[in-house]
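Structure, as structure tokens:
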Amino acid sequence: MVIPLLILLLTTPKSLTLEYNHKSYTIEAQIFDGFTYLSLNDLQTAFGFTVTSDSNNKRFTVEHHSRTVVLIPDNPWIVLDSSLLNLPLASQYSGGKLWLPIPVLNEIIVYFLSQGIRVNGSKLITYPITVTIEKIVVDAGHGGKDPGGIGHNGLQEKGIVLDIAKTVVQLLESELGLTCLLTRDDDTFIPLSERTKIANEWKADLFLSIHCNWAWSRNVCGSEVYFLSPAKTTWERAVEARENASLKYEIPDWKGEVGSILWDMAQTEFLQESNVLSCKLVDSISDTAGTKNNGVKQANFFVLRGAYMPACLVEAEFVSNPEGEKNLGTKEFRTKIARGIVQGIQEFKEWYEERMN
């Protein structure tokens, strides 16, 4: 883990340039646990915030245009006037300054200024946030020479997920009126690095990668959904290793370690959205298809790296489970999984557009 973190530290600028209200500001940046944090002192100057803190610097109050946000260092909860919001990262107090990660800063900017904020190279950019989700890239995992997981009766993951992905696209377009793109529409091998590239070049609003799970134990079953973040548990690391194993088909000397940055700065801006999308998907899949709800998890999936949009990976069911393999072999069950995915996307779309607009 030392080499990827070192690369991240070397490639992340120590400051960002912000153009705001026809003026240029330098915003100091720091890295904490592999994430980019920005100085509240510099942000306060640029945006005209009023910042106060208690005597022990354990509670910071940020005010702007009669609105108030309360931040507590090392605590992922922030207070927006009377509302509580739990974020995937917390502010940090270091060197006499409070540092804000991009997800926290974005919530503040949205709340105070009705704008979004993102990092683009060495620049910090604000942008209008009247947005809608219209374009979705649906990725059927594996394919071609990469079969993915194989059930004990020979059912291959690559065929299952392609059928689910096609049904998802059909339902999204016919029932929700969305525009969709499949990363593959037949039994073709697509390198992991190309899949999010397709989504970025197409300027998609969401990226969804569909898979089936596999475990040594035949008793393990259920659905789970992942978003991109360092794996925390043994199981998450195991699933991460299995899904990233597809790299052996595109990197001949790959030995099981991704020799690159742990995960892209691009996704730090969408942590909250990807987490919420994952929650809505796993709940709706479980409700619609009747699968065991294994919840939301996180891992460093290579297929999600570089996605400049909310993104997640669905593990529909365990093909290694006898009942799961039997169900996945039927069109009826695969359609239920697809309908669960579509329902989750619809719920996320409503939540996201209300929040952003």
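Identifiers in this document derive from the order of the structure tokens: chains are assigned A, B, ..., residues are numbered from 1 separately in each chain, and ligands are numbered from 1 in order of occurrence.
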Can you list, as an MDAnalysis selection string, every protein, DNA or RNA residue that comes within 10 Å of Asn21 of chain A when you count only C-alpha atoms, leaving out same-chain residues fewer than 2 positions away?
chainID A and resid 18:19 23:24 46:47
Selected residues written out, C-alpha atoms, as a PDB file, in the first residue's frame:
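Produced file out_17.pdb, reproduced below:
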```pdb
ATOM      1  CA  LEU A  18     -10.044  28.877  -7.652  1.00  0.00           C
ATOM      2  CA  GLU A  19     -11.564  31.447  -9.996  1.00  0.00           C
ATOM      3  CA  LYS A  23     -10.929  36.874  -8.805  1.00  0.00           C
ATOM      4  CA  SER A  24      -8.257  34.203  -8.450  1.00  0.00           C
ATOM      5  CA  ALA A  46     -12.618  33.208  -1.354  1.00  0.00           C
ATOM      6  CA  PHE A  47     -16.314  32.699  -0.647  1.00  0.00           C
TER       7      PHE A  47
END
```
Quick one: pick out all strand (DSSP E or B) residues within segment 5-66 of chain A from a backbone DSSP run and write them as JSON, numbers by chain.
{"A": [15, 16, 17, 18, 19, 20, 23, 24, 25, 26, 27, 28, 29, 30, 31, 32, 35, 36, 37, 38, 39, 50, 51, 52, 53, 60, 61, 62, 63, 64]}
Would you mind telling me which residue in A:Thr26, A:Thr188, A:Thr52, A:Thr132 lies nearest to Glu354 of chain A when using only C-alpha atoms?
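Comparing A:Thr26, A:Thr188, A:Thr52, A:Thr132 against Glu354 of chain A, the winner is A:Thr132.
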Can you check which parts of segment 30-140 of chain A lie within 12 Å of segment 163-182 of chain A? Per residue, the shortest pair of atoms and distance in Å to one decimal, counting only C-alpha atoms, sorted by chain and number, as CSV.
```
residue,atom,partner,partner_atom,distance
A:Thr132,CA,A:Leu178,CA,10.5
A:Ile133,CA,A:Leu178,CA,8.0
A:Glu134,CA,A:Leu178,CA,5.2
A:Lys135,CA,A:Thr179,CA,4.9
A:Ile136,CA,A:Cys180,CA,4.8
A:Val137,CA,A:Leu181,CA,4.8
A:Val138,CA,A:Leu182,CA,5.0
A:Asp139,CA,A:Leu182,CA,5.8
A:Ala140,CA,A:Ala165,CA,5.7
```
Selected residues written out, N, CA and C atoms, as a PDB file, in the first residue's frame:
```
ATOM      1  N   THR A 132     -30.106  16.962 -14.077  1.00  0.00           N
ATOM      2  CA  THR A 132     -30.982  15.797 -14.111  1.00  0.00           C
ATOM      3  C   THR A 132     -30.149  14.587 -14.519  1.00  0.00           C
ATOM      4  N   ILE A 133     -30.607  13.418 -14.143  1.00  0.00           N
ATOM      5  CA  ILE A 133     -29.961  12.183 -14.580  1.00  0.00           C
ATOM      6  C   ILE A 133     -30.671  11.704 -15.834  1.00  0.00           C
ATOM      7  N   GLU A 134     -29.952  11.714 -16.938  1.00  0.00           N
ATOM      8  CA  GLU A 134     -30.543  11.366 -18.228  1.00  0.00           C
ATOM      9  C   GLU A 134     -29.811  10.228 -18.922  1.00  0.00           C
ATOM     10  N   LYS A 135     -28.492  10.127 -18.704  1.00  0.00           N
ATOM     11  CA  LYS A 135     -27.666   9.175 -19.454  1.00  0.00           C
ATOM     12  C   LYS A 135     -26.991   8.197 -18.487  1.00  0.00           C
ATOM     13  N   ILE A 136     -27.193   6.919 -18.726  1.00  0.00           N
ATOM     14  CA  ILE A 136     -26.658   5.888 -17.826  1.00  0.00           C
ATOM     15  C   ILE A 136     -25.886   4.851 -18.639  1.00  0.00           C
ATOM     16  N   VAL A 137     -24.680   4.556 -18.188  1.00  0.00           N
ATOM     17  CA  VAL A 137     -23.903   3.469 -18.777  1.00  0.00           C
ATOM     18  C   VAL A 137     -24.069   2.234 -17.909  1.00  0.00           C
ATOM     19  N   VAL A 138     -24.507   1.140 -18.532  1.00  0.00           N
ATOM     20  CA  VAL A 138     -24.699  -0.134 -17.827  1.00  0.00           C
ATOM     21  C   VAL A 138     -23.628  -1.097 -18.313  1.00  0.00           C
ATOM     22  N   ASP A 139     -22.839  -1.591 -17.381  1.00  0.00           N
ATOM     23  CA  ASP A 139     -21.700  -2.444 -17.700  1.00  0.00           C
ATOM     24  C   ASP A 139     -21.987  -3.881 -17.284  1.00  0.00           C
ATOM     25  N   ALA A 140     -22.025  -4.787 -18.249  1.00  0.00           N
ATOM     26  CA  ALA A 140     -22.136  -6.215 -17.946  1.00  0.00           C
ATOM     27  C   ALA A 140     -20.732  -6.743 -17.685  1.00  0.00           C
TER      28      ALA A 140
END
```
Kindly indicate which residue among A:Ala215, A:Val161, A:Val79, A:Ile150 lies nearest to Thr61 of chain A, using only C-alpha atoms for the distances.
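So, comparing all the options, the nearest one is A:Val79.
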Could you produce a table of the residues of segment 189-233 of chain A lying within 9 Å of segment 277-293 of chain A, with the nearest pair of atoms per residue and their separation in Å rounded to one decimal, using only C-alpha atoms, ordered by chain and increasing residue number, as CSV?
```
residue,atom,partner,partner_atom,distance
A:Cys221,CA,A:Lys292,CA,6.7
A:Gly222,CA,A:Lys292,CA,4.2
A:Ser223,CA,A:Asn293,CA,5.5
A:Glu224,CA,A:Val282,CA,5.9
A:Val225,CA,A:Ser278,CA,5.5
A:Tyr226,CA,A:Ser278,CA,6.4
A:Phe227,CA,A:Ser278,CA,6.7
```
For each of A:Ala90, A:Cys212, A:Ala338, A:Val104, take the minimum atom-to-atom distance to Val314 of chain A, counting only C-alpha atoms, then give the residue where this is smallest.
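The answer is A:Cys212, which sits nearest to Val314 of chain A.
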Pick out the closest residue to His211 of chain A from this set: A:Leu105, A:Ile198, A:Val303, A:Val276. Count only C-alpha atoms.
A:Val303
